[in-house]
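Working notes, beginning with the structure itself.
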There are 2 protein chains.
Amino acid sequence: MITIYDIAKKANVSAMTVSRVINNTGRISEKTRVRVRQVMEELHYVPNSAARSLVLQETRILSLLITDITNPFYTTLARGAEDAAMKRGYRLLFSNSDEDVGKEKEYLEMVLSTRVDGVLFSPAGDNSLPQLEKLHKHGIPFVLIDREVPGVECDTVLGDSRLGARLLVEHLFQLGHRRVALLNGSMKVSTARERFTGYAEALKLHDLPWDDRLVFEAGYGRASLGTIEEAVERMLALPERPTAVFAANNFLALDAVKAFRRRGLDVPHDLSVVCFDDLDPNSVLDPFLTVAAQPAYEFGSMGIRLLIDRIHGVEAGSPRKKIVLPPKLTVRQSSAPPRS
Amino acid sequence: MITIYDIAKKANVSAMTVSRVINNTGRISEKTRVRVRQVMEELHYVPNSAARSLVLQETRILSLLITDITNPFYTTLARGAEDAAMKRGYRLLFSNSDEDVGKEKEYLEMVLSTRVDGVLFSPAGDNSLPQLEKLHKHGIPFVLIDREVPGVECDTVLGDSRLGARLLVEHLFQLGHRRVALLNGSMKVSTARERFTGYAEALKLHDLPWDDRLVFEAGYGRASLGTIEEAVERMLALPERPTAVFAANNFLALDAVKAFRRRGLDVPHDLSVVCFDDLDPNSVLDPFLTVAAQPAYEFGSMGIRLLIDRIHGVEAGSPRKKIVLPPKLTVRQSSAPPRS
DNA sequence: TTGTACGCGTTATCAC
DNA sequence: GTGATAACGCGTACAA
């Protein structure tokens, strides 16, 4: 491997001078600067970032932990994060927990051994608490994104899940629906709880009765497909069938629609389906779902911004910041008035 | 930061003993092993991988460079690669070139400074040659994936683009089409050339005349959206309009269909559209496109396998391997007999 | 079974 | 302007 010493020898200077040329620090005569540069080119020198971070005590790497790499919400968020990080001279180390606290724990070990400068963290759920405490113990700055964890005080970028839920459910009410089911993620995830609350608020606001049998707790992850099938089964077996479903995220909605169709039911003719989070408009031919779309890209870029501010100590002792980005109701064909 | 010295002091042993406990090397009495382990727990010790890789001269990190992170073909490939890498104790550093040789070059600099143990490389095109030569100069093993680069001899995992193209075009012929347009990627990319050849072969096999005006060179990247619009415009202005389009990848097809629809044309009623590569079946409600699907996941896992074999020198001097994975024709609604 | 000395590639500090 | 030296955290070779 080519090191600064190889460069130094060939250029008849000390290693220190080479280092100064590389980093543009200190005063160097133009003559030597040019010569050193030239030797570096010749030998195809590339600095060793391991050695550098060992002495500098910083890696300029940030970790991004998301819960579902197949979900366009998170891939878009990731792009926002990457763009923002690159712009500030940081690289991003991606990890994907698949909504699984176990995997999350494994990845965290890697992240710690890499000595990343900070972590942008979308927790799998409330059980992620130990992981966050570990980060805290190690003095690694982190920012929560998309989801909160009770007991953790830190900078956070969130959507307004309650508002979005209300918007969606009220949209259904306006269409004339009165029996709306909630197909929710796990109640161990803050967004699921908030969407639950928004749903309940909407019912109350419109003086509609509460019915436990209309609430189904599945899970956000791909793993919970079986649960959705079962929920749909129970939903349809109800004495008074719901005429619409509010799904807590895009994949839940997709799977619900598929489950309905497999049973010969048409959306929106037989049931309406609405949900949180959009799909990637670029790779969908016929956008179909009525959604509360979230600014996923901004989730990522804002998160990185908060994180880097913390790292640079700009915000050293400042109180935690909580940024809430509003959702946008987008009405499409999956919602329609109920069959009379 | 907690180091092995901190552990050593607290456990009343030397740093070396701690190192041995961590790596399970050498003989250590059970008593000290337990004590050291305990102190490590107490102090939440995590090894510093920068320091380790500095002395070991290996990082156990592999780089995966893909050209379009929004394309499900590549995200699926990435999952395959990650699973295979994790299984063998390697981590993956993702980079996304957006089909841009410039970005590719930037990322390569990072990759080199990270001293990754190997690179799984999906080149933006033939112009990626200098990057590959650079890797070679630095003695970093690499495997090409999905695309070849003329002048580069190395292990490769490819699809059978010629066969896939022929299957798709012959499918159109069987439906009765005689004028089939080719909406291709850049001819600076090997797969585009192969798909071109397959298209030409199919014509020849069926004694159909060659027509230059039916061939359009756009680009695989998201950036070439304008080009597609223009190609469609020219295509429809032709004296004898084609009745079907073979698009060289999924996104080209998607954009073509959208462009047709904007002009009031229906697919497949007015024109059929077929393409290479599928979309993610999980996030699509109504699979519509007739495609030549490729085993994207296996592209990734096979690639990592070849790469790690090379790294471990198992295949040190062995001749380069070229693995070709066949496509699978999947007929859906986007193709139908031409209007008579 | 355990410890000492050294080196991995880089930069900060201080001296010239 | 430039250089010598030590230090970052860890593992190898050799010694005890």
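The chains in the structure tokens are called A, B, ... from first to last as shown; in each chain the residues are counted from 1, and the ligands are counted from 1 in the order shown.
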
How close does each residue of chain B get to chain D, giving the shortest atom pair and distance in Å to one decimal for every residue with an atom at most 9 Å away, counting only C-alpha atoms (C1' of nucleotides), sorted by chain and residue number, as a Markdown table?
```
| residue | atom | partner | partner_atom | distance |
| --- | --- | --- | --- | --- |
| B:Thr3 | CA | D:DG9 | C1' | 6.6 |
| B:Ile4 | CA | D:DG9 | C1' | 7.7 |
| B:Tyr5 | CA | D:DG9 | C1' | 8.9 |
| B:Met16 | CA | D:DG11 | C1' | 8.2 |
| B:Ser19 | CA | D:DG11 | C1' | 7.5 |
| B:Pro47 | CA | D:DG9 | C1' | 8.5 |
| B:Asn48 | CA | D:DG9 | C1' | 6.7 |
| B:Ser49 | CA | D:DC10 | C1' | 8.8 |
| B:Ala50 | CA | D:DG9 | C1' | 8.1 |
| B:Ala51 | CA | D:DG9 | C1' | 5.0 |
| B:Arg52 | CA | D:DC10 | C1' | 5.2 |
| B:Ser53 | CA | D:DC10 | C1' | 8.6 |
| B:Leu54 | CA | D:DC10 | C1' | 8.1 |
| B:Val55 | CA | D:DG11 | C1' | 6.4 |
| B:Leu56 | CA | D:DG11 | C1' | 7.2 |
```

Write out, as a short mmCIF file (atom, residue, chain, number, x, y, z; two decimals), in the first residue's frame, the residues just selected, with N, CA, C and O atoms.
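Wrote out26.cif, looks like this:
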```cif
data_model
loop_
_atom_site.label_atom_id
_atom_site.label_comp_id
_atom_site.auth_asym_id
_atom_site.auth_seq_id
_atom_site.Cartn_x
_atom_site.Cartn_y
_atom_site.Cartn_z
N THR B 3 -10.74 1.57 25.68
CA THR B 3 -9.82 0.77 24.87
C THR B 3 -9.46 -0.52 25.60
O THR B 3 -9.82 -0.70 26.76
N ILE B 4 -8.71 -1.37 24.91
CA ILE B 4 -8.33 -2.60 25.59
C ILE B 4 -7.46 -2.31 26.81
O ILE B 4 -7.41 -3.10 27.74
N TYR B 5 -6.80 -1.17 26.82
CA TYR B 5 -5.97 -0.83 27.96
C TYR B 5 -6.81 -0.56 29.20
O TYR B 5 -6.44 -0.94 30.32
N MET B 16 -2.57 -7.34 25.95
CA MET B 16 -2.46 -8.50 25.07
C MET B 16 -3.44 -9.60 25.46
O MET B 16 -4.07 -10.23 24.61
N SER B 19 -6.82 -8.72 24.27
CA SER B 19 -6.91 -8.97 22.84
C SER B 19 -7.16 -10.44 22.57
O SER B 19 -7.98 -10.81 21.73
N PRO B 47 -14.82 -3.01 20.27
CA PRO B 47 -13.52 -2.85 19.60
C PRO B 47 -13.56 -1.75 18.55
O PRO B 47 -14.59 -1.50 17.93
N ASN B 48 -12.46 -1.11 18.34
CA ASN B 48 -12.34 -0.06 17.35
C ASN B 48 -11.88 -0.66 16.03
O ASN B 48 -10.74 -1.08 15.88
N SER B 49 -12.81 -0.71 15.06
CA SER B 49 -12.47 -1.44 13.83
C SER B 49 -11.45 -0.69 12.98
O SER B 49 -10.76 -1.31 12.17
N ALA B 50 -11.33 0.61 13.17
CA ALA B 50 -10.30 1.34 12.43
C ALA B 50 -8.91 0.87 12.85
O ALA B 50 -8.06 0.54 12.02
N ALA B 51 -8.72 0.82 14.16
CA ALA B 51 -7.43 0.37 14.67
C ALA B 51 -7.16 -1.06 14.25
O ALA B 51 -6.06 -1.42 13.82
N ARG B 52 -8.18 -1.88 14.32
CA ARG B 52 -8.01 -3.28 13.97
C ARG B 52 -7.64 -3.45 12.51
O ARG B 52 -6.70 -4.17 12.17
N SER B 53 -8.38 -2.75 11.64
CA SER B 53 -8.09 -2.95 10.22
C SER B 53 -6.74 -2.35 9.85
O SER B 53 -6.09 -2.78 8.90
N LEU B 54 -6.31 -1.38 10.63
CA LEU B 54 -5.00 -0.79 10.35
C LEU B 54 -3.90 -1.83 10.52
O LEU B 54 -2.99 -1.93 9.70
N VAL B 55 -4.00 -2.60 11.57
CA VAL B 55 -2.95 -3.60 11.80
C VAL B 55 -3.20 -4.88 11.01
O VAL B 55 -2.27 -5.50 10.52
N LEU B 56 -4.47 -5.24 10.84
CA LEU B 56 -4.75 -6.49 10.13
C LEU B 56 -4.65 -6.33 8.62
O LEU B 56 -4.59 -7.31 7.89
#
```

Could the residues of chain B within 8 Å of chain A, counting only C-alpha atoms, be given as a VMD selection string, please? chain B and resid 1 46 to 51 53 to 54 70 75 93 to 94 109 112 to 115 138 251 254 258 279 283 to 285

Keeping only N, CA, C and O atoms, write those residues as a compact mmCIF listing (two decimals), in the first residue's frame.
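Contents of selection_5.txt, freshly written:
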```
# COMPACT_ATOMS: atom_id res chain seq x y z
N MET B 1 -12.89 7.37 25.02
CA MET B 1 -13.23 6.06 24.41
C MET B 1 -12.60 4.93 25.22
O MET B 1 -11.46 5.01 25.65
N VAL B 46 -16.45 -1.83 23.08
CA VAL B 46 -16.65 -2.25 21.69
C VAL B 46 -15.33 -2.01 20.95
O VAL B 46 -14.79 -0.91 21.02
N PRO B 47 -14.82 -3.01 20.27
CA PRO B 47 -13.52 -2.85 19.60
C PRO B 47 -13.56 -1.75 18.55
O PRO B 47 -14.59 -1.50 17.93
N ASN B 48 -12.46 -1.11 18.34
CA ASN B 48 -12.34 -0.06 17.35
C ASN B 48 -11.88 -0.66 16.03
O ASN B 48 -10.74 -1.08 15.88
N SER B 49 -12.81 -0.71 15.06
CA SER B 49 -12.47 -1.44 13.83
C SER B 49 -11.45 -0.69 12.98
O SER B 49 -10.76 -1.31 12.17
N ALA B 50 -11.33 0.61 13.17
CA ALA B 50 -10.30 1.34 12.43
C ALA B 50 -8.91 0.87 12.85
O ALA B 50 -8.06 0.54 12.02
N ALA B 51 -8.72 0.82 14.16
CA ALA B 51 -7.43 0.37 14.67
C ALA B 51 -7.16 -1.06 14.25
O ALA B 51 -6.06 -1.42 13.82
N SER B 53 -8.38 -2.75 11.64
CA SER B 53 -8.09 -2.95 10.22
C SER B 53 -6.74 -2.35 9.85
O SER B 53 -6.09 -2.78 8.90
N LEU B 54 -6.31 -1.38 10.63
CA LEU B 54 -5.00 -0.79 10.35
C LEU B 54 -3.90 -1.83 10.52
O LEU B 54 -2.99 -1.93 9.70
N THR B 70 -33.16 3.63 -7.22
CA THR B 70 -34.63 3.64 -7.25
C THR B 70 -35.19 2.47 -8.03
O THR B 70 -36.38 2.21 -8.00
N THR B 75 -32.27 -2.72 -6.17
CA THR B 75 -32.46 -2.86 -4.73
C THR B 75 -32.59 -4.34 -4.36
O THR B 75 -32.09 -4.76 -3.32
N LEU B 93 -20.79 -1.62 1.90
CA LEU B 93 -20.85 -0.16 1.79
C LEU B 93 -21.56 0.16 0.48
O LEU B 93 -21.03 -0.13 -0.60
N PHE B 94 -22.76 0.74 0.56
CA PHE B 94 -23.54 1.00 -0.65
C PHE B 94 -23.14 2.31 -1.31
O PHE B 94 -22.91 3.30 -0.63
N GLU B 109 -13.18 7.03 -5.07
CA GLU B 109 -12.15 7.63 -4.21
C GLU B 109 -12.43 7.28 -2.75
O GLU B 109 -11.54 6.85 -2.02
N LEU B 112 -11.71 3.63 -2.11
CA LEU B 112 -10.27 3.36 -1.99
C LEU B 112 -9.75 3.81 -0.64
O LEU B 112 -8.94 3.12 -0.02
N SER B 113 -10.21 4.96 -0.17
CA SER B 113 -9.69 5.45 1.10
C SER B 113 -10.21 4.61 2.25
O SER B 113 -9.62 4.58 3.32
N THR B 114 -11.30 3.91 2.03
CA THR B 114 -11.82 3.01 3.06
C THR B 114 -11.05 1.69 3.07
O THR B 114 -11.16 0.90 3.99
N ARG B 115 -10.28 1.45 2.04
CA ARG B 115 -9.52 0.21 1.93
C ARG B 115 -10.42 -1.03 2.03
O ARG B 115 -10.11 -1.96 2.78
N HIS B 138 -4.55 -0.72 -7.80
CA HIS B 138 -4.47 -0.76 -6.34
C HIS B 138 -4.57 -2.18 -5.81
O HIS B 138 -4.57 -2.39 -4.59
N PHE B 251 -38.03 0.84 -16.35
CA PHE B 251 -38.35 2.26 -16.25
C PHE B 251 -38.60 2.89 -17.62
O PHE B 251 -39.47 3.74 -17.78
N LEU B 254 -42.08 1.91 -18.41
CA LEU B 254 -43.03 2.68 -17.61
C LEU B 254 -43.23 4.07 -18.22
O LEU B 254 -44.36 4.54 -18.40
N LYS B 258 -46.53 5.78 -20.07
CA LYS B 258 -47.08 7.06 -19.62
C LYS B 258 -47.14 8.06 -20.78
O LYS B 258 -48.12 8.79 -20.93
N LEU B 279 -40.82 -5.20 -12.08
CA LEU B 279 -40.94 -4.27 -10.96
C LEU B 279 -41.14 -5.10 -9.70
O LEU B 279 -41.38 -6.29 -9.77
N SER B 283 -44.88 -4.28 -4.28
CA SER B 283 -45.39 -2.93 -4.15
C SER B 283 -46.17 -2.50 -5.39
O SER B 283 -46.41 -1.32 -5.60
N VAL B 284 -46.55 -3.48 -6.19
CA VAL B 284 -47.39 -3.15 -7.35
C VAL B 284 -48.73 -3.86 -7.19
O VAL B 284 -48.79 -5.05 -6.91
N LEU B 285 -49.77 -3.10 -7.34
CA LEU B 285 -51.11 -3.65 -7.13
C LEU B 285 -51.54 -4.51 -8.32
O LEU B 285 -51.99 -5.64 -8.16
```

In range 59-113 of chain B, DSSP helix (DSSP H, G or I) residues written as a list in words: Pro72, Phe73, Tyr74, Thr75, Thr76, Leu77, Ala78, Arg79, Gly80, Ala81, Glu82, Asp83, Ala84, Ala85, Met86, Lys87, Val101, Gly102, Lys103, Glu104, Lys105, Glu106, Tyr107, Leu108, Glu109, Met110, Val111, Leu112 and Ser113 of chain B

Dump as JSON lines the rows for residues of chain B within 7 Å of chain C: closest atom pair and distance in Å with one decimal, only C-alpha atoms (C1' of nucleotides) counted, ordered by chain and rising residue number.
```
{"residue": "B:Ser14", "atom": "CA", "partner": "C:DG3", "partner_atom": "C1'", "distance": 6.4}
{"residue": "B:Thr17", "atom": "CA", "partner": "C:DT2", "partner_atom": "C1'", "distance": 7.0}
{"residue": "B:Arg27", "atom": "CA", "partner": "C:DT1", "partner_atom": "C1'", "distance": 6.5}
{"residue": "B:Ile28", "atom": "CA", "partner": "C:DT1", "partner_atom": "C1'", "distance": 6.0}
{"residue": "B:Ser29", "atom": "CA", "partner": "C:DT1", "partner_atom": "C1'", "distance": 6.8}
{"residue": "B:Leu54", "atom": "CA", "partner": "C:DC8", "partner_atom": "C1'", "distance": 5.0}
{"residue": "B:Val55", "atom": "CA", "partner": "C:DC8", "partner_atom": "C1'", "distance": 4.4}
```

Contacts of Asn184 in chain A at 10 Å or less, counting only C-alpha atoms (C1' of nucleotides), minus same-chain residues fewer than 4 places along, as a list of chain:residue names? A:Thr191, A:Ala192, A:Arg193, A:Arg195, A:Phe196, A:Val215, A:Phe216, A:Glu217, A:Ala218, A:Gly219, A:Tyr220, A:Ile228, A:Phe246, A:Ala247, A:Ala248, A:Asn249, A:Leu252, A:Ala253, A:Cys275

Print the selection's residues with all heavy atoms to a file, as a CSV table (one decimal), in the first residue's frame.
```
chain,number,residue,atom,x,y,z
A,191,THR,N,-45.9,5.7,15.9
A,191,THR,CA,-46.8,6.2,14.8
A,191,THR,C,-48.1,5.4,14.8
A,191,THR,O,-49.1,6.0,14.6
A,191,THR,CB,-46.1,6.0,13.5
A,191,THR,OG1,-45.7,4.7,13.3
A,191,THR,CG2,-44.9,7.0,13.3
A,192,ALA,N,-48.0,4.1,15.2
A,192,ALA,CA,-49.3,3.3,15.2
A,192,ALA,C,-50.2,3.9,16.3
A,192,ALA,O,-51.4,4.0,16.1
A,192,ALA,CB,-48.9,1.9,15.5
A,193,ARG,N,-49.6,4.2,17.4
A,193,ARG,CA,-50.4,4.8,18.5
A,193,ARG,C,-51.0,6.1,18.1
A,193,ARG,O,-52.2,6.3,18.4
A,193,ARG,CB,-49.5,4.9,19.8
A,193,ARG,CG,-49.2,3.6,20.5
A,193,ARG,CD,-48.6,3.9,21.8
A,193,ARG,NE,-47.3,4.6,21.8
A,193,ARG,CZ,-46.1,4.0,21.7
A,193,ARG,NH1,-46.0,2.7,21.6
A,193,ARG,NH2,-45.0,4.7,21.6
A,195,ARG,N,-51.7,7.2,15.1
A,195,ARG,CA,-52.7,7.0,14.1
A,195,ARG,C,-54.0,6.4,14.7
A,195,ARG,O,-55.1,6.7,14.3
A,195,ARG,CB,-52.1,6.1,13.0
A,195,ARG,CG,-51.1,6.8,12.1
A,195,ARG,CD,-50.1,6.0,11.3
A,195,ARG,NE,-49.0,6.9,11.0
A,195,ARG,CZ,-48.0,6.6,10.2
A,195,ARG,NH1,-47.9,5.4,9.6
A,195,ARG,NH2,-47.0,7.4,10.0
A,196,PHE,N,-53.8,5.6,15.7
A,196,PHE,CA,-54.9,5.1,16.5
A,196,PHE,C,-55.6,6.2,17.1
A,196,PHE,O,-56.9,6.3,17.0
A,196,PHE,CB,-54.4,4.1,17.6
A,196,PHE,CG,-55.4,3.6,18.5
A,196,PHE,CD1,-56.0,2.4,18.2
A,196,PHE,CD2,-55.7,4.3,19.6
A,196,PHE,CE1,-57.0,1.9,19.1
A,196,PHE,CE2,-56.7,3.8,20.5
A,196,PHE,CZ,-57.3,2.6,20.2
A,215,VAL,N,-61.0,-2.5,15.1
A,215,VAL,CA,-59.5,-2.2,15.2
A,215,VAL,C,-58.7,-3.5,15.1
A,215,VAL,O,-58.9,-4.4,15.9
A,215,VAL,CB,-59.3,-1.5,16.5
A,215,VAL,CG1,-57.8,-1.2,16.6
A,215,VAL,CG2,-60.0,-0.2,16.5
A,216,PHE,N,-57.7,-3.5,14.2
A,216,PHE,CA,-56.9,-4.6,13.9
A,216,PHE,C,-55.4,-4.2,14.0
A,216,PHE,O,-55.0,-3.3,13.4
A,216,PHE,CB,-57.1,-5.2,12.6
A,216,PHE,CG,-58.6,-5.6,12.4
A,216,PHE,CD1,-59.5,-4.7,11.9
A,216,PHE,CD2,-59.0,-6.9,12.7
A,216,PHE,CE1,-60.8,-5.1,11.8
A,216,PHE,CE2,-60.3,-7.3,12.5
A,216,PHE,CZ,-61.2,-6.4,12.1
A,217,GLU,N,-54.7,-4.9,14.9
A,217,GLU,CA,-53.3,-4.6,15.0
A,217,GLU,C,-52.5,-5.7,14.3
A,217,GLU,O,-52.4,-6.8,14.7
A,217,GLU,CB,-52.9,-4.6,16.5
A,217,GLU,CG,-51.4,-4.3,16.8
A,217,GLU,CD,-51.1,-4.3,18.3
A,217,GLU,OE1,-52.0,-4.2,19.1
A,217,GLU,OE2,-49.9,-4.3,18.6
A,218,ALA,N,-51.9,-5.3,13.2
A,218,ALA,CA,-51.0,-6.2,12.4
A,218,ALA,C,-49.6,-5.9,12.7
A,218,ALA,O,-49.0,-6.3,13.8
A,218,ALA,CB,-51.3,-6.1,10.9
A,219,GLY,N,-48.9,-5.2,11.9
A,219,GLY,CA,-47.5,-4.8,12.0
A,219,GLY,C,-47.1,-4.1,10.7
A,219,GLY,O,-47.6,-4.4,9.7
A,220,TYR,N,-46.1,-3.3,10.9
A,220,TYR,CA,-45.7,-2.5,9.7
A,220,TYR,C,-44.8,-3.4,8.7
A,220,TYR,O,-44.7,-3.2,7.5
A,220,TYR,CB,-44.8,-1.3,10.1
A,220,TYR,CG,-45.7,-0.2,10.6
A,220,TYR,CD1,-45.3,0.5,11.8
A,220,TYR,CD2,-46.8,0.3,9.9
A,220,TYR,CE1,-46.0,1.5,12.3
A,220,TYR,CE2,-47.5,1.4,10.4
A,220,TYR,CZ,-47.1,2.0,11.6
A,220,TYR,OH,-47.8,3.0,12.1
A,228,ILE,N,-52.3,-9.9,8.3
A,228,ILE,CA,-53.2,-9.1,7.5
A,228,ILE,C,-54.3,-10.0,6.9
A,228,ILE,O,-55.5,-9.6,7.0
A,228,ILE,CB,-52.4,-8.4,6.4
A,228,ILE,CG1,-51.4,-7.4,7.0
A,228,ILE,CG2,-53.4,-7.6,5.5
A,228,ILE,CD1,-50.5,-6.8,6.0
A,246,PHE,N,-59.0,2.1,7.0
A,246,PHE,CA,-57.9,3.0,7.1
A,246,PHE,C,-56.7,2.2,7.5
A,246,PHE,O,-56.6,1.6,8.6
A,246,PHE,CB,-58.2,4.1,8.1
A,246,PHE,CG,-57.0,4.8,8.7
A,246,PHE,CD1,-55.9,5.2,7.8
A,246,PHE,CD2,-56.9,5.1,10.0
A,246,PHE,CE1,-54.8,5.8,8.3
A,246,PHE,CE2,-55.8,5.8,10.5
A,246,PHE,CZ,-54.7,6.1,9.7
A,247,ALA,N,-55.7,2.1,6.5
A,247,ALA,CA,-54.5,1.3,6.8
A,247,ALA,C,-53.4,2.2,7.3
A,247,ALA,O,-53.2,3.3,6.7
A,247,ALA,CB,-54.1,0.5,5.6
A,248,ALA,N,-52.6,1.7,8.2
A,248,ALA,CA,-51.6,2.6,8.9
A,248,ALA,C,-50.4,2.9,8.0
A,248,ALA,O,-49.6,3.8,8.3
A,248,ALA,CB,-51.2,2.1,10.2
A,249,ASN,N,-50.2,2.1,7.0
A,249,ASN,CA,-49.1,2.5,6.0
A,249,ASN,C,-49.4,1.9,4.7
A,249,ASN,O,-50.4,1.1,4.5
A,249,ASN,CB,-47.7,2.1,6.5
A,249,ASN,CG,-47.3,0.7,6.3
A,249,ASN,OD1,-48.1,-0.1,5.9
A,249,ASN,ND2,-46.1,0.4,6.6
A,252,LEU,N,-49.5,-2.1,4.2
A,252,LEU,CA,-50.7,-2.7,4.8
A,252,LEU,C,-51.9,-2.5,3.9
A,252,LEU,O,-52.7,-3.4,3.7
A,252,LEU,CB,-51.0,-2.0,6.2
A,252,LEU,CG,-50.2,-2.4,7.4
A,252,LEU,CD1,-50.4,-1.4,8.5
A,252,LEU,CD2,-50.5,-3.8,7.8
A,253,ALA,N,-52.0,-1.3,3.3
A,253,ALA,CA,-53.1,-1.0,2.4
A,253,ALA,C,-53.0,-1.9,1.1
A,253,ALA,O,-54.0,-2.5,0.7
A,253,ALA,CB,-53.0,0.4,2.0
A,275,CYS,N,-54.7,5.1,3.2
A,275,CYS,CA,-53.6,4.8,4.0
A,275,CYS,C,-52.6,5.9,4.2
A,275,CYS,O,-52.7,7.0,3.5
A,275,CYS,CB,-52.8,3.6,3.5
A,275,CYS,SG,-52.0,4.0,1.9
```

Range 178-298 of chain B: which residues are strand (DSSP E) by DSSP, as a list of chain:residue names? B:Val180, B:Ala181, B:Leu182, B:Leu183, B:Asn184, B:Val215, B:Phe216, B:Glu217, B:Ala244, B:Val245, B:Phe246, B:Ala247, B:Ser272, B:Val273, B:Val274, B:Cys275, B:Phe276, B:Thr290, B:Val291, B:Ala292, B:Ala293
